[in-house]
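Shown below: protein10.cif, with mmCIF, C-alpha atoms.
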data_start
#
loop_
_atom_site.label_atom_id
_atom_site.label_comp_id
_atom_site.auth_asym_id
_atom_site.auth_seq_id
_atom_site.Cartn_x
_atom_site.Cartn_y
_atom_site.Cartn_z
CA MET A 1 49.92 25.68 3.24
CA ASN A 2 47.96 27.28 0.41
CA ILE A 3 44.32 26.64 -0.48
CA LEU A 4 45.12 24.31 -3.40
CA ILE A 5 47.26 21.90 -1.36
CA PHE A 6 44.85 22.06 1.59
CA THR A 7 41.91 21.24 -0.70
CA ILE A 8 43.68 18.23 -2.21
CA LEU A 9 44.73 16.86 1.20
CA VAL A 10 41.25 17.34 2.67
CA TRP A 11 39.74 15.66 -0.40
CA ILE A 12 42.01 12.61 0.00
CA GLY A 13 41.19 12.42 3.71
CA SER A 14 37.48 12.69 2.92
CA VAL A 15 37.63 9.85 0.39
CA ALA A 16 39.20 7.65 3.09
CA ALA A 17 36.65 8.82 5.69
CA GLY A 18 33.73 8.12 3.37
CA PHE A 19 35.13 4.69 2.48
CA LEU A 20 35.59 3.63 6.11
CA GLY A 21 32.34 5.24 7.17
CA SER A 22 30.26 3.28 4.69
CA LEU A 23 32.11 -0.01 5.35
CA THR A 24 31.31 0.18 9.03
CA GLY A 25 27.91 1.80 8.70
CA LEU A 26 29.02 4.66 10.93
CA GLY A 27 28.90 7.27 8.17
CA GLY A 28 31.63 9.63 7.01
CA GLY A 29 30.87 12.37 9.55
CA VAL A 30 32.31 10.56 12.55
CA VAL A 31 35.71 10.35 10.84
CA ILE A 32 35.78 13.65 8.98
CA ILE A 33 35.19 15.87 12.03
CA PRO A 34 38.15 14.53 14.09
CA LEU A 35 40.27 14.51 10.92
CA LEU A 36 39.55 18.19 10.20
CA THR A 37 39.89 19.39 13.77
CA LEU A 38 42.78 17.25 15.05
CA VAL A 39 44.89 16.88 11.89
CA PHE A 40 44.10 20.01 9.87
CA GLY A 41 43.45 22.34 12.81
CA VAL A 42 40.07 23.46 11.47
CA ASP A 43 37.64 25.09 13.92
CA ILE A 44 35.04 22.48 14.93
CA ARG A 45 32.16 24.71 13.77
CA TYR A 46 33.45 24.73 10.18
CA ALA A 47 34.06 20.97 10.48
CA ILE A 48 30.46 20.38 11.62
CA GLY A 49 29.06 22.44 8.72
CA ALA A 50 31.15 20.60 6.14
CA SER A 51 30.34 17.19 7.64
CA LEU A 52 26.63 17.92 7.64
CA VAL A 53 26.47 18.54 3.88
CA SER A 54 28.50 15.40 3.22
CA VAL A 55 26.01 13.47 5.38
CA ILE A 56 23.12 14.67 3.20
CA ALA A 57 24.98 13.64 0.04
CA THR A 58 25.92 10.13 1.14
CA SER A 59 22.65 9.27 2.87
CA SER A 60 20.60 10.43 -0.15
CA GLY A 61 22.77 8.35 -2.46
CA THR A 62 22.52 5.26 -0.26
CA ALA A 63 18.79 5.78 0.32
CA ALA A 64 18.28 5.86 -3.46
CA THR A 65 19.83 2.39 -3.78
CA TYR A 66 17.82 0.87 -0.91
CA LEU A 67 14.55 2.40 -2.21
CA LYS A 68 15.08 0.75 -5.55
CA GLU A 69 15.65 -2.61 -3.86
CA GLY A 70 12.47 -2.21 -1.81
CA PHE A 71 13.94 -2.38 1.71
CA SER A 72 12.85 1.04 2.99
CA ASN A 73 9.66 1.49 5.00
CA ILE A 74 8.52 4.96 3.94
CA ARG A 75 5.74 5.20 6.53
CA ILE A 76 7.98 4.36 9.47
CA GLY A 77 10.55 6.78 8.05
CA MET A 78 8.04 9.62 7.67
CA PHE A 79 6.61 9.09 11.14
CA LEU A 80 10.00 9.02 12.86
CA GLU A 81 11.19 12.04 10.83
CA VAL A 82 8.82 14.14 12.96
CA ALA A 83 11.03 13.25 15.95
CA THR A 84 14.39 13.55 14.17
CA THR A 85 13.70 16.92 12.46
CA VAL A 86 12.37 18.55 15.65
CA GLY A 87 15.39 17.06 17.47
CA ALA A 88 17.74 18.40 14.79
CA LEU A 89 16.38 21.94 15.25
CA ALA A 90 16.92 21.61 18.99
CA GLY A 91 20.44 20.28 18.38
CA ALA A 92 21.39 23.15 16.07
CA PHE A 93 19.91 25.60 18.59
CA LEU A 94 22.16 24.06 21.28
CA ALA A 95 25.21 24.09 18.99
CA LEU A 96 24.94 27.85 18.55
CA ARG A 97 25.06 28.30 22.33
CA LEU A 98 27.49 25.68 23.66
CA SER A 99 31.23 26.41 23.72
CA THR A 100 33.43 24.46 21.29
CA PRO A 101 35.33 22.47 24.00
CA ILE A 102 32.00 21.14 25.34
CA ILE A 103 30.90 20.17 21.82
CA ALA A 104 34.24 18.35 21.34
CA VAL A 105 33.74 16.36 24.55
CA ILE A 106 30.16 15.41 23.61
CA PHE A 107 31.44 14.39 20.18
CA GLY A 108 34.05 12.10 21.76
CA VAL A 109 31.47 10.40 23.97
CA VAL A 110 29.07 9.86 21.04
CA LEU A 111 31.99 8.52 18.99
CA ILE A 112 32.82 5.87 21.61
CA PHE A 113 29.18 4.86 21.80
CA SER A 114 28.96 4.60 17.99
CA ALA A 115 32.14 2.51 17.74
CA PHE A 116 30.82 0.20 20.46
CA MET A 117 27.45 -0.17 18.71
CA SER A 118 29.01 -0.95 15.34
CA SER A 119 31.38 -3.57 16.76
CA ARG A 120 28.46 -5.52 18.23
CA SER A 121 26.87 -8.10 15.99
CA ARG A 122 23.31 -7.30 15.07
CA ASP A 123 21.20 -10.39 15.64
CA ASN A 124 17.85 -10.69 14.00
CA ARG A 125 14.96 -11.48 16.29
CA SER A 126 12.28 -9.85 14.24
CA GLU A 127 9.63 -12.56 14.70
CA ILE A 128 6.94 -10.83 16.72
CA PRO A 129 3.70 -12.80 16.81
CA ASN A 130 1.47 -10.25 18.56
CA THR A 131 0.75 -7.04 16.75
CA ASP A 132 1.25 -3.66 18.37
CA LYS A 133 -1.88 -1.51 18.46
CA LEU A 134 -0.21 1.80 17.67
CA ALA A 135 1.92 0.27 14.90
CA THR A 136 -1.21 -1.21 13.35
CA PHE A 137 -3.07 2.10 13.60
CA LEU A 138 -0.16 3.81 11.82
CA GLY A 139 0.00 1.06 9.20
CA MET A 140 3.68 0.40 9.85
CA ASP A 141 3.88 -3.35 9.33
CA GLY A 142 5.37 -4.21 5.97
CA VAL A 143 7.16 -6.66 3.72
CA TYR A 144 10.72 -6.84 2.44
CA PRO A 145 12.47 -8.90 -0.23
CA THR A 146 14.49 -11.98 0.77
CA PRO A 147 16.02 -14.72 -1.42
CA GLN A 148 12.87 -16.76 -0.58
CA GLY A 149 10.52 -14.01 -1.76
CA LEU A 150 8.70 -11.25 0.14
CA LYS A 151 8.68 -11.65 3.90
CA SER A 152 6.34 -9.74 6.22
CA TYR A 153 7.32 -8.17 9.54
CA HIS A 154 5.63 -6.48 12.46
CA VAL A 155 6.64 -3.41 14.40
CA ARG A 156 6.48 -2.75 18.14
CA SER A 157 7.50 -0.15 20.77
CA VAL A 158 6.65 2.85 18.60
CA PRO A 159 6.77 5.42 21.46
CA LEU A 160 10.21 4.20 22.61
CA GLY A 161 11.50 4.27 19.03
CA PHE A 162 10.10 7.79 18.62
CA GLY A 163 11.82 8.98 21.79
CA LEU A 164 15.18 7.51 20.77
CA MET A 165 14.81 9.15 17.37
CA PHE A 166 14.30 12.53 19.01
CA ILE A 167 17.64 12.06 20.80
CA ALA A 168 19.25 10.90 17.54
CA GLY A 169 17.96 14.11 15.93
CA ILE A 170 19.45 16.30 18.67
CA ILE A 171 22.85 14.61 18.31
CA SER A 172 22.73 14.91 14.53
CA GLY A 173 21.88 18.62 14.72
CA LEU A 174 24.42 19.33 17.46
CA LEU A 175 27.40 17.46 15.98
CA GLY A 176 26.72 17.45 12.23
CA ILE A 177 26.70 13.67 11.92
CA GLY A 178 24.03 11.23 10.72
CA SER A 179 23.87 9.47 14.13
CA GLY A 180 23.12 6.21 12.37
CA ALA A 181 24.18 4.20 15.45
CA LEU A 182 21.32 5.61 17.53
CA LYS A 183 18.82 5.27 14.70
CA VAL A 184 19.74 1.62 14.31
CA LEU A 185 19.40 1.13 18.08
CA ALA A 186 15.90 2.57 17.94
CA MET A 187 14.75 0.54 14.94
CA ASP A 188 16.64 -2.76 15.48
CA GLN A 189 16.47 -3.13 19.21
CA ALA A 190 13.36 -1.20 20.22
CA MET A 191 11.04 -1.49 17.24
CA ARG A 192 12.46 -4.87 16.14
CA LEU A 193 12.70 -4.13 12.43
CA PRO A 194 14.66 -6.59 10.25
CA PHE A 195 18.32 -5.61 9.82
CA LYS A 196 18.08 -4.50 6.18
CA VAL A 197 14.82 -2.61 6.70
CA SER A 198 16.23 -0.62 9.62
CA THR A 199 19.44 0.19 7.74
CA ALA A 200 17.51 1.29 4.64
CA THR A 201 14.96 3.33 6.60
CA SER A 202 17.72 4.93 8.68
CA ASN A 203 19.46 6.16 5.52
CA PHE A 204 16.12 7.36 4.21
CA MET A 205 15.73 9.57 7.29
CA ILE A 206 19.29 10.86 7.74
CA GLY A 207 19.15 13.27 4.78
CA VAL A 208 15.94 14.93 5.96
CA THR A 209 17.24 15.17 9.52
CA ALA A 210 20.48 16.76 8.34
CA ALA A 211 18.60 19.16 6.04
CA ALA A 212 16.62 20.46 9.04
CA SER A 213 19.76 21.62 10.83
CA ALA A 214 21.72 22.49 7.65
CA GLY A 215 19.36 25.40 6.99
CA ILE A 216 20.27 26.94 10.34
CA TYR A 217 24.00 26.25 9.92
CA LEU A 218 24.01 27.85 6.47
CA ALA A 219 22.29 30.97 7.74
CA LYS A 220 24.66 31.26 10.70
CA GLY A 221 27.77 31.06 8.50
CA TYR A 222 29.02 27.59 9.55
CA ILE A 223 29.08 26.18 6.02
CA ALA A 224 32.32 27.40 4.44
CA PRO A 225 32.23 26.67 0.69
CA GLY A 226 36.00 26.26 0.29
CA LEU A 227 36.03 23.54 2.96
CA ALA A 228 32.66 21.90 2.27
CA MET A 229 33.57 21.42 -1.42
CA PRO A 230 36.44 18.87 -1.01
CA VAL A 231 34.72 17.24 1.97
CA MET A 232 31.40 16.66 0.19
CA LEU A 233 32.99 15.48 -3.08
CA GLY A 234 35.50 13.25 -1.26
CA VAL A 235 33.08 11.61 1.17
CA LEU A 236 30.60 10.99 -1.63
CA LEU A 237 33.23 9.19 -3.73
CA GLY A 238 34.65 7.26 -0.77
CA SER A 239 31.28 6.03 0.44
CA SER A 240 30.21 4.81 -2.98
CA LEU A 241 33.49 2.88 -3.23
CA GLY A 242 32.94 1.49 0.27
CA ALA A 243 29.39 0.35 -0.47
CA ARG A 244 30.71 -2.02 -3.14
CA HIS A 245 32.84 -3.88 -0.60
CA LEU A 246 30.20 -3.94 2.11
CA PHE A 247 29.64 -7.65 2.31
CA GLU A 248 33.10 -8.95 1.56
CA ALA A 249 34.86 -11.13 4.13
CA GLU A 250 38.12 -9.20 4.40
CA THR A 251 36.24 -6.15 5.68
CA GLN A 252 35.79 -7.85 9.06
CA LYS A 253 39.44 -7.26 9.93
CA LEU A 254 39.19 -3.68 8.70
CA ARG A 255 36.19 -3.11 10.96
CA ILE A 256 38.16 -4.06 14.05
CA VAL A 257 41.06 -1.80 13.09
CA PHE A 258 38.59 0.97 12.38
CA SER A 259 36.82 0.57 15.72
CA ILE A 260 40.13 0.92 17.56
CA THR A 261 41.03 4.00 15.48
CA ILE A 262 37.65 5.56 16.23
CA PHE A 263 38.14 4.89 19.94
CA LEU A 264 41.55 6.60 19.94
CA LEU A 265 40.21 9.57 17.96
CA ALA A 266 37.38 9.87 20.48
CA LEU A 267 39.80 9.95 23.42
CA GLN A 268 41.86 12.59 21.61
CA MET A 269 38.75 14.73 21.03
CA ILE A 270 37.75 14.47 24.70
CA TYR A 271 41.30 15.25 25.84
CA ALA A 272 41.56 18.23 23.49
CA GLY A 273 38.17 19.47 24.68
CA LEU A 274 39.02 19.15 28.38
CA THR A 275 42.48 20.72 28.16
CA GLY A 276 41.29 23.40 25.76
CA GLY A 277 44.26 22.50 23.54
CA ILE A 278 43.89 22.89 19.83
CA LEU A 279 40.17 23.49 19.89
CA LYS A 280 40.15 26.80 21.64
CA MET B 1 -7.13 -3.25 -4.95
CA ASN B 2 -5.49 -6.53 -3.86
CA ASP B 3 -2.32 -6.62 -1.77
CA ALA B 4 0.01 -7.50 -4.63
CA GLY B 5 -1.30 -4.58 -6.69
CA GLN B 6 -0.82 -2.21 -3.78
CA GLU B 7 2.74 -3.47 -3.27
CA LEU B 8 3.53 -2.90 -6.93
CA LYS B 9 2.16 0.62 -6.78
CA ASN B 10 4.13 1.36 -3.62
CA HIS B 11 7.26 0.12 -5.28
CA ARG B 12 6.69 2.46 -8.22
CA THR B 13 6.61 5.34 -5.73
CA GLU B 14 9.89 4.09 -4.26
CA ILE B 15 11.52 4.00 -7.70
CA ILE B 16 10.49 7.60 -8.41
CA MET B 17 11.86 8.71 -5.01
CA SER B 18 15.07 6.84 -5.74
CA HIS B 19 15.54 8.73 -9.03
CA LEU B 20 14.66 12.02 -7.36
CA LEU B 21 17.32 11.56 -4.67
CA ARG B 22 20.03 10.35 -7.04
CA THR B 23 19.40 13.14 -9.55
CA GLY B 24 19.54 15.77 -6.80
CA VAL B 25 22.86 14.46 -5.47
CA VAL B 26 24.46 14.18 -8.93
CA ILE B 27 23.40 17.68 -10.05
CA SER B 28 24.58 19.29 -6.82
CA ALA B 29 27.91 17.42 -6.94
CA VAL B 30 28.51 18.64 -10.51
CA ILE B 31 27.74 22.26 -9.54
CA VAL B 32 29.94 22.05 -6.42
CA PHE B 33 32.76 20.63 -8.54
CA ALA B 34 32.41 23.40 -11.16
CA GLY B 35 32.39 26.04 -8.44
CA GLY B 36 35.42 24.38 -6.85
CA VAL B 37 37.41 24.57 -10.09
CA ILE B 38 36.69 28.29 -10.46
CA TYR B 39 37.46 28.91 -6.78
CA LEU B 40 40.80 27.06 -6.90
CA PHE B 41 41.75 28.73 -10.17
CA ARG B 42 41.26 32.16 -8.63
CA HIS B 43 42.27 31.62 -5.00
CA GLY B 44 44.32 28.39 -5.00
CA PHE B 45 47.56 30.08 -3.98
CA GLU B 46 46.21 32.15 -1.12
CA PRO B 47 46.77 30.98 2.47
CA ILE B 48 44.08 28.99 4.27
CA ASN B 49 42.16 30.40 7.19
CA TYR B 50 39.94 27.90 9.01
CA LYS B 51 41.71 27.93 12.38
CA ILE B 52 39.78 30.85 13.78
CA PHE B 53 36.06 30.84 13.31
CA GLN B 54 34.56 33.88 11.65
CA ARG B 55 31.17 33.59 10.08
CA VAL B 56 31.18 32.95 6.36
CA PRO B 57 30.55 36.27 4.47
CA VAL B 58 26.89 37.11 4.77
CA GLU B 59 26.26 37.02 1.01
CA LEU B 60 27.05 33.29 1.08
CA CYS B 61 24.52 32.55 3.83
CA SER B 62 21.17 33.23 2.17
CA VAL B 63 19.44 32.12 -1.01
CA LYS B 64 19.27 35.70 -2.30
CA GLY B 65 22.92 36.40 -1.56
CA ILE B 66 24.11 33.12 -3.06
CA TRP B 67 22.12 33.76 -6.23
CA GLY B 68 23.73 37.20 -6.60
CA SER B 69 27.15 35.64 -6.12
CA VAL B 70 26.41 33.00 -8.79
CA LEU B 71 25.34 35.68 -11.28
CA SER B 72 28.66 37.45 -10.81
CA PHE B 73 30.33 34.09 -11.52
CA HIS B 74 31.98 33.58 -8.15
CA GLY B 75 33.33 30.07 -7.46
CA ARG B 76 32.25 30.10 -3.83
CA GLY B 77 28.75 31.26 -4.78
CA LEU B 78 28.48 28.37 -7.21
CA ILE B 79 29.62 25.90 -4.53
CA GLN B 80 26.97 27.26 -2.14
CA LEU B 81 24.34 26.94 -4.89
CA GLY B 82 25.27 23.26 -5.26
CA LEU B 83 25.04 22.80 -1.49
CA LEU B 84 21.64 24.55 -1.44
CA LEU B 85 20.38 22.11 -4.07
CA LEU B 86 21.78 19.27 -2.00
CA ILE B 87 19.88 20.47 1.09
CA ALA B 88 16.76 20.86 -1.06
CA THR B 89 16.97 17.25 -2.30
CA PRO B 90 15.60 15.48 0.81
CA VAL B 91 13.09 18.32 1.22
CA ALA B 92 11.81 17.62 -2.31
CA ARG B 93 11.54 13.96 -1.34
CA VAL B 94 9.33 14.87 1.64
CA PHE B 95 7.18 17.02 -0.64
CA PHE B 96 6.83 14.11 -3.03
CA SER B 97 5.81 11.87 -0.09
CA LEU B 98 3.08 14.40 0.74
CA ILE B 99 1.71 14.25 -2.81
CA THR B 100 1.72 10.43 -2.64
CA PHE B 101 -0.17 10.36 0.67
CA VAL B 102 -2.70 12.90 -0.63
CA ARG B 103 -3.35 10.69 -3.65
CA GLN B 104 -3.77 7.68 -1.34
CA ARG B 105 -6.10 9.80 0.85
CA ASN B 106 -4.08 8.62 3.85
CA ILE B 107 -5.16 11.25 6.39
CA ILE B 108 -2.77 10.19 9.17
CA TYR B 109 0.29 10.39 6.95
CA ILE B 110 -0.79 13.60 5.23
CA PHE B 111 -0.77 15.08 8.72
CA VAL B 112 2.57 13.47 9.68
CA THR B 113 4.28 14.61 6.45
CA ALA B 114 2.86 18.13 6.77
CA ILE B 115 4.46 18.43 10.23
CA VAL B 116 7.87 17.40 8.84
CA LEU B 117 7.53 19.90 5.97
CA ALA B 118 6.61 22.63 8.43
CA VAL B 119 9.71 21.91 10.54
CA LEU B 120 11.91 21.97 7.42
CA ALA B 121 10.31 25.22 6.24
CA HIS B 122 10.92 26.74 9.66
CA SER B 123 14.60 25.83 9.46
CA LEU B 124 15.18 26.88 5.86
CA LEU B 125 12.96 29.94 5.45
CA ILE B 126 12.23 31.65 8.74
CA ARG B 127 15.04 33.64 10.21
#

For the file at hand, write its structure as structure tokens.
Amino acid sequence: MNILIFTILVWIGSVAAGFLGSLTGLGGGVVIIPLLTLVFGVDIRYAIGASLVSVIATSSGTAATYLKEGFSNIRIGMFLEVATTVGALAGAFLALRLSTPIIAVIFGVVLIFSAFMSSRSRDNRSEIPNTDKLATFLGMDGVYPTPQGLKSYHVRSVPLGFGLMFIAGIISGLLGIGSGALKVLAMDQAMRLPFKVSTATSNFMIGVTAAASAGIYLAKGYIAPGLAMPVMLGVLLGSSLGARHLFEAETQKLRIVFSITIFLLALQMIYAGLTGGILK
Amino acid sequence: MNDAGQELKNHRTEIIMSHLLRTGVVISAVIVFAGGVIYLFRHGFEPINYKIFQRVPVELCSVKGIWGSVLSFHGRGLIQLGLLLLIATPVARVFFSLITFVRQRNIIYIFVTAIVLAVLAHSLLIR
């Protein structure tokens, strides 16, 4: 295979990955890394570098849309970015030292967790009557637009959310993904933010988190321009197409199919990592 | 200032951030695409080599090296320049947040944002 054909095939795969990633809210990274390593036989370190830049592109684009609509909570985002950026540095530090089969196995486990999280329905129990002292001190409570006008919300469990975000940062830096599933867990379940606010704020943070580890990956030669080019351009196009179909009914069926696919890819990654097969 | 006025002002900040992010992504995508065209035109028929990991050539791993590569009109250098701008986009957003918090005289968040900027600077500048 020559570079031209490879680039076109990777670009098509990246469009599909970006499309599915944005439909399910998992992000393009979780699809593009198994695609590159298992199908195209790319070394996982190149795959991580390429995925990371595509993560910055899509999350910045999505964050721009949510900011305009007024769903993002900039203060919560800024505060939690302390945890995610420090975590991302730690993750990149680990990635430079762990062997590739171990990284593949960790990736598979995170993938299963992400697929499980996204298949669960996210209920909204954001009515918290008592205010949290720390959240009040940090001025985190806010308002967001609903069809009935602006609605206010309160925030709780800031330390737990902060801790989960640190872990999300490590995973993002180690595997080159946005780790949106963990961010949503921290903000939905622990801090009890409304669904749209947590999604918007998560996207707001993913780009900064990825930028923290991208600097290290660039310097260490993980970001190969010939590979990152079709991946970034493809995922960006795919995710903007996916965002337009986000709330349509027929996507429900697609989500289930996608979750099963993700699960199988995850098993394949773990198997390949354990047997040392194609990832050596 | 009343609450509604503060909300309006906050939303203006959000709109500016939104434009900043979108502009950064669009400009970097255009540069990456241009670099990609040059790269494929010159190297499209060579074999691929991503199976075995070797570090990317050192001149494509630093700002100085990438700039030199761009000036000699290399496709891969141009792609890396686009990716550098992409990485710089969220960093610029954090910097803009810092300016906003300074103008609001919000001491806690000036401190919080400064920590994030320091971590980013550590990753991007200190080797």

* Fewer than 6 positions away in the same chain doesn't count, so skip those; otherwise give me all residues within 7 Å of stretch 64-79 of chain A, counting only C-alpha atoms, as a ChimeraX atom specification. => /A:140,144-145,196-197,200-201,204-205 /B:11,14-15,18-19,21-22,112-113

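Closest approach to chain B among A:Leu35, A:Val235, A:Met117, A:Ala210: A:Ala210, based on all atoms listed in the file.
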
* To verify the selection step, state as a PyMOL selection string which residues the PyMOL selection byres ((chain B and resi 34) around 12) yields on this input. => (chain A and resi 229-230+233) or (chain B and resi 27-33+35-41+70+73-82)

* **Exercise: B:Phe45 partners within 8 Å, only C-alpha atoms, chain neighbours under 6 positions left out, as a count of residues only** => 3

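One finds atom CA of B:Thr23 at 13.8 Å from atom CA of B:Leu83.
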
* Within 12 Å of A:Ala92, counting only C-alpha atoms, which residues show up once you throw out same-chain ones fewer than 4 positions away? Write them as a PyMOL selection string, please. => (chain A and resi 45+48-49+52+85-88+96-98+103+169-177+209-220+222) or (chain B and resi 123)

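The protein and nucleic acid residues lying at most 9 Å from stretch 253-268 of chain A are Leu20, Leu23, Thr24, Val30, Val31, Pro34, Leu35, Leu38, Val105, Phe107, Gly108, Val109, Val110, Leu111, Ile112, Ser114, Ala115, Phe116, Ser118, Ser119, Ala249, Glu250, Thr251, Ile270, Tyr271, Ala272 and Gly273 of chain A, with only C-alpha atoms considered and sequence neighbours fewer than 2 positions away removed.
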
Take the residues just selected and output them with C-alpha atoms as a PDB file, in the frame of the given file.
ATOM      1  CA  LEU A  20      35.590   3.630   6.110  1.00  0.00           C
ATOM      2  CA  LEU A  23      32.110  -0.010   5.350  1.00  0.00           C
ATOM      3  CA  THR A  24      31.310   0.180   9.030  1.00  0.00           C
ATOM      4  CA  VAL A  30      32.310  10.560  12.550  1.00  0.00           C
ATOM      5  CA  VAL A  31      35.710  10.350  10.840  1.00  0.00           C
ATOM      6  CA  PRO A  34      38.150  14.530  14.090  1.00  0.00           C
ATOM      7  CA  LEU A  35      40.270  14.510  10.920  1.00  0.00           C
ATOM      8  CA  LEU A  38      42.780  17.250  15.050  1.00  0.00           C
ATOM      9  CA  VAL A 105      33.740  16.360  24.550  1.00  0.00           C
ATOM     10  CA  PHE A 107      31.440  14.390  20.180  1.00  0.00           C
ATOM     11  CA  GLY A 108      34.050  12.100  21.760  1.00  0.00           C
ATOM     12  CA  VAL A 109      31.470  10.400  23.970  1.00  0.00           C
ATOM     13  CA  VAL A 110      29.070   9.860  21.040  1.00  0.00           C
ATOM     14  CA  LEU A 111      31.990   8.520  18.990  1.00  0.00           C
ATOM     15  CA  ILE A 112      32.820   5.870  21.610  1.00  0.00           C
ATOM     16  CA  SER A 114      28.960   4.600  17.990  1.00  0.00           C
ATOM     17  CA  ALA A 115      32.140   2.510  17.740  1.00  0.00           C
ATOM     18  CA  PHE A 116      30.820   0.200  20.460  1.00  0.00           C
ATOM     19  CA  SER A 118      29.010  -0.950  15.340  1.00  0.00           C
ATOM     20  CA  SER A 119      31.380  -3.570  16.760  1.00  0.00           C
ATOM     21  CA  ALA A 249      34.860 -11.130   4.130  1.00  0.00           C
ATOM     22  CA  GLU A 250      38.120  -9.200   4.400  1.00  0.00           C
ATOM     23  CA  THR A 251      36.240  -6.150   5.680  1.00  0.00           C
ATOM     24  CA  ILE A 270      37.750  14.470  24.700  1.00  0.00           C
ATOM     25  CA  TYR A 271      41.300  15.250  25.840  1.00  0.00           C
ATOM     26  CA  ALA A 272      41.560  18.230  23.490  1.00  0.00           C
ATOM     27  CA  GLY A 273      38.170  19.470  24.680  1.00  0.00           C
TER      28      GLY A 273
END

Step by step, work through what the PyMOL selection byres ((chain A and resi 161) around 10) selects in the shown file, and finish by giving those residues as a PDB file with C-alpha atoms, in the coordinates of the input.
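The result, stored in result19.pdb:
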ATOM      1  CA  LEU A  80      10.000   9.020  12.860  1.00  0.00           C
ATOM      2  CA  ALA A  83      11.030  13.250  15.950  1.00  0.00           C
ATOM      3  CA  ARG A 156       6.480  -2.750  18.140  1.00  0.00           C
ATOM      4  CA  SER A 157       7.500  -0.150  20.770  1.00  0.00           C
ATOM      5  CA  VAL A 158       6.650   2.850  18.600  1.00  0.00           C
ATOM      6  CA  PRO A 159       6.770   5.420  21.460  1.00  0.00           C
ATOM      7  CA  LEU A 160      10.210   4.200  22.610  1.00  0.00           C
ATOM      8  CA  PHE A 162      10.100   7.790  18.620  1.00  0.00           C
ATOM      9  CA  GLY A 163      11.820   8.980  21.790  1.00  0.00           C
ATOM     10  CA  LEU A 164      15.180   7.510  20.770  1.00  0.00           C
ATOM     11  CA  MET A 165      14.810   9.150  17.370  1.00  0.00           C
ATOM     12  CA  PHE A 166      14.300  12.530  19.010  1.00  0.00           C
ATOM     13  CA  LYS A 183      18.820   5.270  14.700  1.00  0.00           C
ATOM     14  CA  VAL A 184      19.740   1.620  14.310  1.00  0.00           C
ATOM     15  CA  LEU A 185      19.400   1.130  18.080  1.00  0.00           C
ATOM     16  CA  ALA A 186      15.900   2.570  17.940  1.00  0.00           C
ATOM     17  CA  MET A 187      14.750   0.540  14.940  1.00  0.00           C
ATOM     18  CA  ASP A 188      16.640  -2.760  15.480  1.00  0.00           C
ATOM     19  CA  GLN A 189      16.470  -3.130  19.210  1.00  0.00           C
ATOM     20  CA  ALA A 190      13.360  -1.200  20.220  1.00  0.00           C
ATOM     21  CA  MET A 191      11.040  -1.490  17.240  1.00  0.00           C
ATOM     22  CA  ARG A 192      12.460  -4.870  16.140  1.00  0.00           C
TER      23      ARG A 192
END

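Closest approach to A:Val53 among A:Leu241, A:Ile167, A:Val15, A:Val208 is made by A:Val208 (distances from only C-alpha atoms).
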
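The space between atom CA of B:Ile115 and atom CA of A:Ile206 spans 16.8 Å.
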
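Picture a line from atom CA of A:Leu150 to atom CA of A:Ser202; it runs 20.4 Å.
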
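The closest residue to chain B, picked from A:Ala181, A:Ala57, A:Leu193, A:Leu94 and counting only C-alpha atoms, is A:Ala57.
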
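Omitting B:Asn49 and its sequence neighbours fewer than 5 positions away, and counting only C-alpha atoms, the residues within 12 Å are Met1, Asn2, Ile3, Phe6, Phe40, Gly41, Val42, Asp43, Tyr46, Ala224, Gly226 and Leu227 of chain A; Gln54, Arg55 and Val56 of chain B.
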
* **Output check: residues returned by the PyMOL selection byres ((chain B and resi 91-105) around 8), as a PyMOL selection string** => (chain A and resi 208+211) or (chain B and resi 13+17+20-21+87-90+106-107+109-110+113-114+116-117+120)

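Among A:Ala95, A:Val39, A:Met269, A:Met232, the residue with the shortest atom-to-atom distance to chain B, counting all atoms listed in the file, is A:Met232.
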
Taking all listed atoms of stretch 61-69 of chain B, build the axis-aligned box, pad each of the six sides by 6 Å, then write its centre and edge lengths in Å to one decimal as AutoDock Vina command-line options.
--center_x 23.2 --center_y 34.7 --center_z -1.4 --size_x 19.9 --size_y 17.1 --size_z 22.4

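Each of B:Arg42, B:His122, B:Lys51, B:Arg12 was checked against chain A using only C-alpha atoms; the smallest atom-to-atom distance is that of B:Lys51.
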
* To do: Measuring atom to atom with all atoms listed in the file, identify which of B:Val63, B:Leu124, B:Ala118, B:Ile16 is nearest to chain A.
  => B:Leu124
